[in-house]
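**Student:** Dropping in final00.txt, which is compact mmCIF, C-alpha atoms:
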```
# COMPACT_ATOMS: atom_id res chain seq x y z
CA MET A 1 -36.60 -13.05 15.68
CA ASP A 2 -35.80 -15.42 18.54
CA THR A 3 -37.89 -18.56 18.97
CA LEU A 4 -39.96 -17.48 21.98
CA SER A 5 -40.71 -14.11 20.37
CA ARG A 6 -41.82 -15.91 17.21
CA LEU A 7 -44.14 -18.21 19.16
CA ILE A 8 -45.68 -15.24 21.00
CA ASP A 9 -46.10 -13.43 17.67
CA LEU A 10 -47.87 -16.47 16.21
CA ALA A 11 -50.17 -16.75 19.23
CA ARG A 12 -51.04 -13.05 18.88
CA PRO A 13 -52.34 -12.56 22.43
CA GLN A 14 -54.17 -9.24 22.70
CA GLY A 15 -53.71 -8.05 26.26
CA SER A 16 -56.00 -5.75 28.17
CA LEU A 17 -56.44 -4.74 31.80
CA ASP A 18 -59.91 -5.17 33.29
CA LEU A 19 -59.61 -3.67 36.75
CA ARG A 20 -57.49 -3.10 39.81
CA CYS A 21 -58.41 -4.57 43.20
CA LEU A 22 -57.53 -2.91 46.51
CA LEU A 23 -58.82 -5.23 49.21
CA THR A 24 -58.52 -5.55 52.98
CA GLY A 25 -59.76 -8.02 55.57
CA GLY A 26 -61.92 -10.89 54.35
CA PHE A 27 -62.90 -11.22 50.68
CA ASP A 28 -63.95 -13.99 48.32
CA ILE A 29 -64.28 -13.06 44.64
CA ASP A 30 -65.62 -15.57 42.14
CA HIS A 31 -64.37 -15.68 38.54
CA ALA A 32 -66.55 -17.69 36.17
CA GLN A 33 -65.29 -19.86 33.32
CA MET A 34 -64.34 -17.64 30.37
CA GLU A 35 -65.24 -18.25 26.75
CA ALA A 36 -62.78 -20.02 24.46
CA GLY A 37 -59.84 -17.85 23.45
CA VAL A 38 -59.87 -15.70 26.60
CA ALA A 39 -57.14 -16.19 29.21
CA PRO A 40 -57.60 -14.11 32.38
CA PHE A 41 -54.58 -13.21 34.46
CA HIS A 42 -53.73 -11.69 37.84
CA LEU A 43 -50.61 -9.84 38.92
CA VAL A 44 -50.04 -9.16 42.62
CA LEU A 45 -48.51 -5.70 42.94
CA ASP A 46 -48.49 -5.76 46.74
CA GLY A 47 -49.82 -7.89 49.58
CA ALA A 48 -51.01 -11.48 49.29
CA CYS A 49 -54.03 -13.63 48.49
CA VAL A 50 -55.03 -17.21 47.74
CA VAL A 51 -56.38 -18.41 44.40
CA GLU A 52 -58.67 -21.41 44.64
CA THR A 53 -59.16 -23.42 41.45
CA ALA A 54 -62.33 -25.25 40.46
CA ASP A 55 -61.05 -28.53 41.93
CA GLY A 56 -60.38 -26.91 45.31
CA THR A 57 -56.61 -26.52 44.96
CA GLN A 58 -55.41 -23.45 46.84
CA ILE A 59 -52.41 -21.51 45.52
CA PRO A 60 -50.95 -18.67 47.61
CA LEU A 61 -49.86 -15.56 45.72
CA SER A 62 -47.68 -12.72 46.99
CA ALA A 63 -46.14 -9.56 45.57
CA GLY A 64 -44.64 -10.24 42.15
CA ASP A 65 -46.69 -13.38 41.47
CA PHE A 66 -48.26 -13.75 38.02
CA MET A 67 -51.05 -16.23 37.35
CA LEU A 68 -52.65 -16.91 33.96
CA PHE A 69 -55.54 -19.25 33.15
CA PRO A 70 -54.75 -20.22 29.51
CA ARG A 71 -58.06 -21.99 29.04
CA GLY A 72 -60.12 -19.54 31.05
CA ALA A 73 -60.79 -21.85 34.00
CA ALA A 74 -63.14 -20.75 36.78
CA HIS A 75 -61.44 -19.75 40.05
CA ARG A 76 -61.80 -17.67 43.20
CA VAL A 77 -59.55 -15.00 44.73
CA ARG A 78 -59.65 -15.10 48.53
CA ASP A 79 -57.85 -13.47 51.44
CA VAL A 80 -55.01 -15.45 52.95
CA GLN A 81 -56.84 -16.20 56.20
CA GLN A 82 -60.05 -16.97 54.30
CA MET A 83 -62.22 -15.01 56.67
CA PRO A 84 -65.85 -14.21 56.02
CA ALA A 85 -66.27 -11.10 53.88
CA THR A 86 -65.74 -8.09 56.15
CA ALA A 87 -67.37 -5.52 53.87
CA PRO A 88 -69.30 -5.39 50.60
CA LEU A 89 -67.37 -4.96 47.37
CA MET A 90 -67.61 -1.57 45.71
CA LEU A 91 -66.73 -0.74 42.11
CA THR A 92 -65.51 2.77 41.35
CA HIS A 93 -62.83 4.14 39.02
CA ASP A 94 -59.36 5.36 39.85
CA GLY A 95 -58.93 7.51 36.74
CA MET A 96 -57.20 4.72 34.84
CA LEU A 97 -59.06 1.51 35.55
CA PRO A 98 -62.24 0.32 37.21
CA LEU A 99 -61.38 -0.11 40.89
CA ARG A 100 -62.79 -2.84 43.11
CA ARG A 101 -62.37 -2.35 46.85
CA ASN A 102 -64.04 -3.33 50.09
CA ASP A 103 -63.22 -0.49 52.45
CA ASP A 104 -65.16 2.70 53.20
CA ASP A 105 -62.75 5.45 52.22
CA GLY A 106 -65.17 6.98 49.77
CA GLY A 107 -63.39 5.87 46.63
CA ASN A 108 -59.91 7.13 47.47
CA SER A 109 -57.67 5.01 45.23
CA SER A 110 -54.58 5.09 47.42
CA HIS A 111 -53.32 1.60 48.21
CA SER A 112 -52.35 2.58 51.73
CA GLY A 113 -53.73 0.05 54.17
CA ALA A 114 -54.86 -2.39 51.49
CA GLY A 115 -54.03 -6.03 52.19
CA LEU A 116 -53.99 -6.79 48.48
CA ASP A 117 -53.16 -4.66 45.44
CA LEU A 118 -54.04 -6.78 42.40
CA LEU A 119 -54.11 -6.07 38.67
CA CYS A 120 -56.60 -8.21 36.75
CA GLY A 121 -56.66 -8.52 32.98
CA ARG A 122 -56.95 -10.89 30.09
CA PHE A 123 -55.26 -12.04 26.93
CA VAL A 124 -57.54 -12.75 23.98
CA TYR A 125 -55.96 -15.03 21.41
CA ALA A 126 -56.83 -16.67 18.11
CA PRO A 127 -57.49 -20.42 18.15
CA GLY A 128 -55.16 -22.48 16.00
CA SER A 129 -52.21 -20.13 15.81
CA SER A 130 -52.04 -20.01 19.62
CA ALA A 131 -52.14 -23.76 20.15
CA LEU A 132 -48.40 -24.43 20.11
CA LEU A 133 -47.74 -21.98 22.93
CA LEU A 134 -50.85 -21.40 25.03
CA ASN A 135 -52.33 -24.90 24.86
CA ALA A 136 -49.05 -26.31 26.14
CA LEU A 137 -49.09 -24.22 29.32
CA PRO A 138 -50.27 -25.62 32.64
CA ASP A 139 -53.65 -24.30 33.77
CA PRO A 140 -53.20 -22.30 35.89
CA PHE A 141 -49.84 -20.97 34.74
CA HIS A 142 -48.17 -19.57 37.87
CA VAL A 143 -44.80 -17.84 37.99
CA SER A 144 -43.33 -16.11 41.04
CA LEU A 145 -41.45 -13.07 39.80
CA GLY A 146 -40.68 -11.23 43.02
CA GLY A 147 -38.08 -11.68 45.69
CA VAL A 148 -35.41 -13.28 43.52
CA GLN A 149 -32.18 -11.35 43.12
CA GLN A 150 -31.40 -12.40 39.57
CA LEU A 151 -34.85 -11.27 38.45
CA GLY A 152 -34.11 -7.59 38.90
CA ALA A 153 -35.52 -6.67 35.51
CA LEU A 154 -38.83 -8.32 36.36
CA GLN A 155 -39.04 -6.54 39.68
CA THR A 156 -38.31 -3.25 37.93
CA LEU A 157 -41.10 -3.94 35.42
CA ILE A 158 -43.59 -4.77 38.18
CA ALA A 159 -42.56 -1.67 40.12
CA LEU A 160 -43.15 0.43 37.01
CA MET A 161 -46.59 -1.10 36.50
CA ARG A 162 -47.45 -0.31 40.09
CA SER A 163 -46.13 3.24 39.82
CA GLU A 164 -48.08 3.91 36.63
CA SER A 165 -51.22 2.43 38.20
CA GLU A 166 -50.90 4.69 41.23
CA GLN A 167 -49.98 7.96 39.50
CA ARG A 168 -52.47 7.60 36.61
CA GLN A 169 -50.72 10.16 34.42
CA PRO A 170 -51.65 10.59 30.73
CA GLY A 171 -50.87 7.40 28.82
CA ALA A 172 -50.72 5.27 31.98
CA LEU A 173 -53.22 2.69 30.75
CA ALA A 174 -51.38 2.22 27.45
CA ILE A 175 -48.08 1.83 29.30
CA VAL A 176 -49.42 -0.70 31.82
CA THR A 177 -51.12 -2.70 29.04
CA ALA A 178 -47.89 -2.82 27.03
CA LEU A 179 -45.96 -3.83 30.13
CA SER A 180 -48.39 -6.69 30.67
CA HIS A 181 -47.24 -8.13 27.32
CA ALA A 182 -43.62 -7.81 28.42
CA LEU A 183 -44.52 -9.46 31.72
CA PHE A 184 -46.10 -12.39 29.89
CA ALA A 185 -42.97 -12.92 27.77
CA MET A 186 -40.73 -12.75 30.83
CA ALA A 187 -42.97 -15.15 32.75
CA LEU A 188 -42.76 -17.64 29.88
CA ARG A 189 -38.98 -17.34 29.83
CA VAL A 190 -38.62 -17.78 33.59
CA HIS A 191 -41.02 -20.73 33.64
CA GLY A 192 -39.02 -22.50 30.93
CA GLU A 193 -35.74 -21.92 32.73
CA ARG A 194 -37.07 -23.07 36.11
CA ASN A 195 -38.99 -26.07 34.81
CA ALA A 196 -36.62 -27.52 32.22
CA SER A 197 -37.30 -31.00 33.61
CA THR A 198 -40.95 -30.80 32.58
CA SER A 199 -42.17 -31.40 29.03
CA GLY A 200 -43.51 -28.90 26.53
CA VAL A 201 -42.42 -26.19 24.15
CA LEU A 202 -40.92 -24.01 26.91
CA ALA A 203 -38.78 -26.92 28.08
CA LEU A 204 -37.53 -27.31 24.51
CA LEU A 205 -36.54 -23.65 24.35
CA ALA A 206 -34.71 -23.91 27.67
CA ASP A 207 -32.47 -26.62 26.15
CA ALA A 208 -29.99 -24.74 23.94
CA ARG A 209 -29.35 -27.62 21.55
CA LEU A 210 -32.98 -28.60 21.10
CA ALA A 211 -33.95 -24.94 20.75
CA ALA A 212 -31.69 -24.72 17.69
CA SER A 213 -33.71 -27.42 15.96
CA VAL A 214 -37.00 -25.74 16.88
CA GLN A 215 -35.67 -22.52 15.40
CA GLY A 216 -34.85 -24.43 12.22
CA MET A 217 -38.40 -25.77 11.95
CA LEU A 218 -39.91 -22.33 12.52
CA ALA A 219 -37.56 -20.67 10.02
CA ALA A 220 -38.17 -23.21 7.24
CA PRO A 221 -41.45 -25.08 7.79
CA GLU A 222 -41.63 -25.85 4.06
CA ARG A 223 -38.48 -27.96 4.19
CA ALA A 224 -38.81 -31.76 4.11
CA TRP A 225 -37.02 -32.12 7.42
CA THR A 226 -35.67 -35.48 8.53
CA ILE A 227 -34.89 -36.38 12.13
CA ALA A 228 -31.24 -36.77 11.15
CA GLU A 229 -31.09 -33.22 9.73
CA LEU A 230 -32.72 -31.75 12.83
CA GLY A 231 -30.38 -33.80 14.97
CA GLU A 232 -27.46 -32.17 13.18
CA LEU A 233 -28.78 -28.74 14.17
CA ALA A 234 -28.85 -29.96 17.76
CA ALA A 235 -25.37 -31.51 17.44
CA MET A 236 -26.76 -34.95 18.33
CA SER A 237 -27.01 -38.31 16.62
CA ARG A 238 -30.37 -39.17 15.11
CA ALA A 239 -31.31 -41.62 17.87
CA THR A 240 -30.09 -39.42 20.73
CA TYR A 241 -31.88 -36.40 19.31
CA ALA A 242 -35.18 -38.25 18.82
CA ARG A 243 -35.09 -39.62 22.36
CA HIS A 244 -34.03 -36.34 23.97
CA PHE A 245 -36.61 -34.37 21.98
CA ASN A 246 -39.42 -36.74 22.92
CA GLU A 247 -38.51 -36.47 26.61
CA ARG A 248 -38.54 -32.67 26.53
CA ALA A 249 -41.48 -32.10 24.18
CA GLY A 250 -43.75 -34.89 25.33
CA MET A 251 -44.30 -35.81 21.66
CA THR A 252 -42.32 -37.06 18.69
CA VAL A 253 -40.22 -34.78 16.51
CA MET A 254 -42.53 -35.21 13.53
CA ASP A 255 -45.68 -34.55 15.58
CA PHE A 256 -44.08 -31.34 16.83
CA LEU A 257 -43.09 -30.34 13.30
CA THR A 258 -46.70 -30.84 12.22
CA GLN A 259 -47.86 -28.58 15.06
CA ILE A 260 -45.43 -25.88 13.96
CA ARG A 261 -46.63 -26.16 10.37
CA MET A 262 -50.29 -25.93 11.38
CA THR A 263 -49.59 -22.99 13.72
CA ILE A 264 -47.90 -21.06 10.91
CA ALA A 265 -50.66 -22.04 8.48
CA CYS A 266 -53.31 -20.68 10.88
CA ASP A 267 -51.38 -17.45 11.15
CA LEU A 268 -51.09 -17.08 7.37
CA LEU A 269 -54.79 -17.83 6.88
CA GLN A 270 -55.68 -15.03 9.30
CA ARG A 271 -53.07 -12.45 8.34
CA THR A 272 -52.82 -12.85 4.57
CA GLN A 273 -54.99 -13.34 1.50
CA ARG A 274 -52.82 -16.13 0.13
CA SER A 275 -54.67 -19.16 -1.20
CA ALA A 276 -54.86 -22.41 0.74
CA ALA A 277 -52.67 -24.05 -1.88
CA GLU A 278 -49.99 -21.36 -1.49
CA ILE A 279 -50.11 -21.60 2.29
CA GLY A 280 -49.94 -25.38 2.15
CA GLU A 281 -46.83 -25.17 -0.02
CA ALA A 282 -45.32 -22.60 2.37
CA VAL A 283 -45.59 -25.07 5.25
CA GLY A 284 -44.36 -28.15 3.42
CA TYR A 285 -47.32 -29.75 1.62
CA GLN A 286 -47.09 -30.54 -2.07
CA SER A 287 -50.82 -30.41 -2.77
CA GLU A 288 -53.79 -28.46 -1.50
CA ALA A 289 -55.61 -31.73 -0.78
CA ALA A 290 -52.79 -33.05 1.42
CA PHE A 291 -52.62 -29.74 3.27
CA GLY A 292 -56.39 -29.58 3.75
CA LYS A 293 -56.50 -33.10 5.16
CA ALA A 294 -53.63 -32.47 7.58
CA PHE A 295 -55.08 -29.11 8.63
CA ALA A 296 -58.55 -30.56 9.34
CA GLN A 297 -57.04 -33.41 11.36
CA SER A 298 -54.97 -31.00 13.44
CA VAL A 299 -57.25 -27.96 13.83
CA GLY A 300 -60.66 -29.59 13.49
CA VAL A 301 -61.96 -27.51 10.56
CA THR A 302 -60.97 -26.94 6.94
CA PRO A 303 -58.58 -24.09 6.04
CA GLY A 304 -61.43 -22.20 4.37
CA ARG A 305 -63.69 -22.41 7.39
CA TYR A 306 -60.85 -21.46 9.72
CA ARG A 307 -60.24 -18.34 7.65
CA ARG A 308 -63.93 -17.40 7.82
CA GLN A 309 -64.41 -18.19 11.52
CA PRO A 310 -64.22 -14.57 12.85
CA LEU A 311 -67.37 -13.88 10.80
CA GLU A 312 -69.30 -17.09 11.12
CA GLY A 313 -67.71 -18.96 14.00
CA ILE A 314 -66.91 -22.65 14.07
```
Let's see the structure in the file written out as structure tokens.

**Tutor:**
Amino acid sequence: MDTLSRLIDLARPQGSLDLRCLLTGGFDIDHAQMEAGVAPFHLVLDGACVVETADGTQIPLSAGDFMLFPRGAAHRVRDVQQMPATAPLMLTHDGMLPLRRNDDDGGNSSHSGAGLDLLCGRFVYAPGSSALLLNALPDPFHVSLGGVQQLGALQTLIALMRSESEQRQPGALAIVTALSHALFAMALRVHGERNASTSGVLALLADARLAASVQGMLAAPERAWTIAELGELAAMSRATYARHFNERAGMTVMDFLTQIRMTIACDLLQRTQRSAAEIGEAVGYQSEAAFGKAFAQSVGVTPGRYRRQPLEGI
């Protein structure tokens, strides 16, 4: 499994579509802060809008734009000209999804004439195992996927999502939901490639030599890695590797290795019945006490409480 796929697998985002918006004229739709572990997203299938964040920043979106709020931040979706609302919002159903619109066509779900065709959904993810990937993303996480020649596959995927949304044939919702996961993975890839100068895990993966060392950590978290050994994987000297890694990751090599170990430990605690001692050994700790201390410092709760949290919360 490649490194990005492994990180997505560890984060375990469960995607779902909430509704489709077909809007014309003036509109202003408020989205409240979401609970922890819920990341709402928007995908513009056609038309344009403006997303206004809680601090007043306005971000224009057009066809092919994907925006995710990894930490569920409050925001508003407004028309480009930011006119007063021209008609009340109505909620119907188009046979596949709840449909929000502000025209008076009696619930006809055709997008003809709509200024904005927007898919709205969410990813629900487990705390702890998602930290390495989702907590490192900017909030909001915005990637423009349309209008770029070399992104033909992305445009094809978006076109398919739009087609399935319009035709609403049997299985359409399952297909569009699955495609939203593919869209997320592609958006992560494109963001890393376009923003290699920024820091974070995606910047690491965009650097071929550093990515090899990250793959090594993920493949063998139990190993007592040294910076020199990881530098060898990246074909760099120890000092060059440590400096280059810190610049790209925004943290030291050993701090990043600890994050990988804790991410994998969270995943094992949720997916398996292995004991804390066994999991600690699997991620490089020689004793259950040492693992428990490191886990509590990183995640904020003990391994036992983390494992029980779906039932009793934190």

**Student:** For Gly72 in chain A, list every protein, DNA or RNA residue within 8 Å, evaluated using all atoms listed in the file, and leave out those in the same chain fewer than 4 positions away; present the list as an MDAnalysis selection string.

**Tutor:** chainID A and resid 33:40

**Student:** At a cut-off of 7 Å, using only C-alpha atoms, what residues contact Ala48 in chain A? Leave out same-chain residues fewer than 5 positions from it and give the result as a PyMOL selection string.

**Tutor:** chain A and resi 61-63+80+115-116

**Student:** Set the distance at 12 Å and use only C-alpha atoms: which residues neighbour range 160-164 of chain A once local chain neighbours fewer than 5 positions away are removed? I'd like the list as a ChimeraX atom specification.

**Tutor:** /A:17,20,43-46,63-64,94-97,110-111,117-119,153-155,169-183

**Student:** Give me, please, the distance in Å between CA of Ala85 in chain A and CA of Ser144 in chain A, quoted to one decimal.

**Tutor:** 26.8 Å

**Student:** Considering only C-alpha atoms, give me a table of residues in range 226-269 of chain A that are at most 9 Å from range 279-291 of chain A, with the closest atom pair and distance in Å for each, as a Markdown table.

**Tutor:**
```
| residue | atom | partner | partner_atom | distance |
| --- | --- | --- | --- | --- |
| A:Ile260 | CA | A:Val283 | CA | 8.7 |
| A:Arg261 | CA | A:Val283 | CA | 5.3 |
| A:Met262 | CA | A:Val283 | CA | 7.8 |
| A:Ile264 | CA | A:Val283 | CA | 7.3 |
| A:Ala265 | CA | A:Ile279 | CA | 6.2 |
| A:Leu268 | CA | A:Ile279 | CA | 6.9 |
| A:Leu269 | CA | A:Ile279 | CA | 7.6 |
```

**Student:** Hey, which of A:Thr57, A:Ala206, A:Arg100, A:Ile158 ends up closest to Pro140 in chain A? Count all atoms listed in the file.

**Tutor:** A:Thr57

**Student:** Quick one: distance from CA of Asp55 in chain A to CA of Ala74 in chain A in Å, one decimal?

**Tutor:**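 Between CA of Asp55 in chain A and CA of Ala74 in chain A the gap is 9.6 Å.
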
**Student:** Would you work out the distance separating CA of Thr263 in chain A from CA of Ala11 in chain A, expressed in Å to one decimal?

**Tutor:**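 So the two atoms, CA of Thr263 in chain A and CA of Ala11 in chain A, lie 8.3 Å apart.
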
**Student:** Find the residues around Leu133 in chain A up to 7 Å (only C-alpha atoms counted), leave out those fewer than 3 positions away in its own chain, and share them as a list in words.

**Tutor:**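 Counting only C-alpha atoms, the residues come to Leu7, Ala11, Ser130, Ala136, Leu137 and Val201 of chain A.
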
**Student:** Do you know which residues are at most 10 Å from Val190 in chain A counting only C-alpha atoms, after dropping those on the same chain fewer than 2 positions away, and could you put them as a PyMOL selection string?

**Tutor:** chain A and resi 143-145+151+154+184-188+192-195+202+206

**Student:** With only C-alpha atoms as the atoms that count, which of A:His93, A:Arg6, A:Arg71, A:Arg101 lies nearest to Leu23 in chain A?

**Tutor:**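 Checking each of A:His93, A:Arg6, A:Arg71, A:Arg101 against Leu23 in chain A, counting only C-alpha atoms, the winner is A:Arg101.
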
**Student:** Using all atoms listed in the file, find the one residue out of A:Met251, A:Val299, A:Leu257, A:Leu91 that sits nearest to Ser213 in chain A.

**Tutor:**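 Comparing A:Met251, A:Val299, A:Leu257, A:Leu91 against Ser213 in chain A, the winner is A:Leu257.
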
**Student:** Enumerate, as a VMD selection string, the protein, DNA and RNA residues whose atoms approach (-63.7, -2.5, 51.2) to within 7 Å, taking into account all atoms listed in the file and the coordinate frame of the file.

**Tutor:** chain A and resid 23 to 24 87 to 90 101 to 104

**Student:** Please produce an output containing C-alpha atoms for each residue in the selection, written as a compact mmCIF listing (two decimals), keeping the file's coordinate frame.

**Tutor:**
```txt
# COMPACT_ATOMS: atom_id res chain seq x y z
CA LEU A 23 -58.82 -5.23 49.21
CA THR A 24 -58.52 -5.55 52.98
CA ALA A 87 -67.37 -5.52 53.87
CA PRO A 88 -69.30 -5.39 50.60
CA LEU A 89 -67.37 -4.96 47.37
CA MET A 90 -67.61 -1.57 45.71
CA ARG A 101 -62.37 -2.35 46.85
CA ASN A 102 -64.04 -3.33 50.09
CA ASP A 103 -63.22 -0.49 52.45
CA ASP A 104 -65.16 2.70 53.20
```

**Student:** Output as a PDB file, in the frame of the given file: range 14-35 of chain A, completed with N, CA and C atoms.

**Tutor:**
```pdb
ATOM      1  N   GLN A  14     -53.814 -10.652  22.571  1.00  0.00           N
ATOM      2  CA  GLN A  14     -54.170  -9.240  22.700  1.00  0.00           C
ATOM      3  C   GLN A  14     -54.476  -8.958  24.169  1.00  0.00           C
ATOM      4  N   GLY A  15     -53.561  -8.270  24.833  1.00  0.00           N
ATOM      5  CA  GLY A  15     -53.710  -8.050  26.260  1.00  0.00           C
ATOM      6  C   GLY A  15     -54.527  -6.822  26.602  1.00  0.00           C
ATOM      7  N   SER A  16     -55.264  -6.913  27.668  1.00  0.00           N
ATOM      8  CA  SER A  16     -56.000  -5.750  28.170  1.00  0.00           C
ATOM      9  C   SER A  16     -56.126  -5.891  29.685  1.00  0.00           C
ATOM     10  N   LEU A  17     -56.218  -4.755  30.358  1.00  0.00           N
ATOM     11  CA  LEU A  17     -56.440  -4.740  31.800  1.00  0.00           C
ATOM     12  C   LEU A  17     -57.913  -4.496  32.077  1.00  0.00           C
ATOM     13  N   ASP A  18     -58.487  -5.287  32.968  1.00  0.00           N
ATOM     14  CA  ASP A  18     -59.910  -5.170  33.290  1.00  0.00           C
ATOM     15  C   ASP A  18     -60.155  -4.261  34.487  1.00  0.00           C
ATOM     16  N   LEU A  19     -59.402  -4.471  35.551  1.00  0.00           N
ATOM     17  CA  LEU A  19     -59.610  -3.670  36.750  1.00  0.00           C
ATOM     18  C   LEU A  19     -58.450  -3.852  37.719  1.00  0.00           C
ATOM     19  N   ARG A  20     -58.456  -3.020  38.730  1.00  0.00           N
ATOM     20  CA  ARG A  20     -57.490  -3.100  39.810  1.00  0.00           C
ATOM     21  C   ARG A  20     -58.269  -3.361  41.094  1.00  0.00           C
ATOM     22  N   CYS A  21     -57.753  -4.250  41.936  1.00  0.00           N
ATOM     23  CA  CYS A  21     -58.410  -4.570  43.200  1.00  0.00           C
ATOM     24  C   CYS A  21     -57.554  -4.084  44.366  1.00  0.00           C
ATOM     25  N   LEU A  22     -58.149  -3.326  45.262  1.00  0.00           N
ATOM     26  CA  LEU A  22     -57.530  -2.910  46.510  1.00  0.00           C
ATOM     27  C   LEU A  22     -58.412  -3.450  47.630  1.00  0.00           C
ATOM     28  N   LEU A  23     -57.958  -4.504  48.292  1.00  0.00           N
ATOM     29  CA  LEU A  23     -58.820  -5.230  49.210  1.00  0.00           C
ATOM     30  C   LEU A  23     -58.161  -5.394  50.577  1.00  0.00           C
ATOM     31  N   THR A  24     -58.989  -5.351  51.609  1.00  0.00           N
ATOM     32  CA  THR A  24     -58.520  -5.550  52.980  1.00  0.00           C
ATOM     33  C   THR A  24     -59.417  -6.567  53.667  1.00  0.00           C
ATOM     34  N   GLY A  25     -58.928  -7.114  54.779  1.00  0.00           N
ATOM     35  CA  GLY A  25     -59.760  -8.020  55.570  1.00  0.00           C
ATOM     36  C   GLY A  25     -60.160  -9.256  54.799  1.00  0.00           C
ATOM     37  N   GLY A  26     -61.421  -9.688  55.005  1.00  0.00           N
ATOM     38  CA  GLY A  26     -61.920 -10.890  54.350  1.00  0.00           C
ATOM     39  C   GLY A  26     -62.569 -10.570  53.014  1.00  0.00           C
ATOM     40  N   PHE A  27     -62.260 -11.373  51.997  1.00  0.00           N
ATOM     41  CA  PHE A  27     -62.900 -11.220  50.680  1.00  0.00           C
ATOM     42  C   PHE A  27     -62.868 -12.561  49.950  1.00  0.00           C
ATOM     43  N   ASP A  28     -63.813 -12.741  49.086  1.00  0.00           N
ATOM     44  CA  ASP A  28     -63.950 -13.990  48.320  1.00  0.00           C
ATOM     45  C   ASP A  28     -64.604 -13.614  46.990  1.00  0.00           C
ATOM     46  N   ILE A  29     -63.806 -13.550  45.940  1.00  0.00           N
ATOM     47  CA  ILE A  29     -64.280 -13.060  44.640  1.00  0.00           C
ATOM     48  C   ILE A  29     -64.276 -14.200  43.632  1.00  0.00           C
ATOM     49  N   ASP A  30     -65.442 -14.462  43.076  1.00  0.00           N
ATOM     50  CA  ASP A  30     -65.620 -15.570  42.140  1.00  0.00           C
ATOM     51  C   ASP A  30     -65.361 -15.112  40.717  1.00  0.00           C
ATOM     52  N   HIS A  31     -64.620 -15.935  39.954  1.00  0.00           N
ATOM     53  CA  HIS A  31     -64.370 -15.680  38.540  1.00  0.00           C
ATOM     54  C   HIS A  31     -64.920 -16.868  37.750  1.00  0.00           C
ATOM     55  N   ALA A  32     -65.907 -16.623  36.927  1.00  0.00           N
ATOM     56  CA  ALA A  32     -66.550 -17.690  36.170  1.00  0.00           C
ATOM     57  C   ALA A  32     -65.669 -18.157  35.013  1.00  0.00           C
ATOM     58  N   GLN A  33     -65.979 -19.349  34.501  1.00  0.00           N
ATOM     59  CA  GLN A  33     -65.290 -19.860  33.320  1.00  0.00           C
ATOM     60  C   GLN A  33     -65.436 -18.856  32.168  1.00  0.00           C
ATOM     61  N   MET A  34     -64.317 -18.571  31.488  1.00  0.00           N
ATOM     62  CA  MET A  34     -64.340 -17.640  30.370  1.00  0.00           C
ATOM     63  C   MET A  34     -64.606 -18.383  29.068  1.00  0.00           C
ATOM     64  N   GLU A  35     -65.027 -17.647  28.048  1.00  0.00           N
ATOM     65  CA  GLU A  35     -65.240 -18.250  26.750  1.00  0.00           C
ATOM     66  C   GLU A  35     -63.911 -18.653  26.122  1.00  0.00           C
TER      67      GLU A  35
END
```
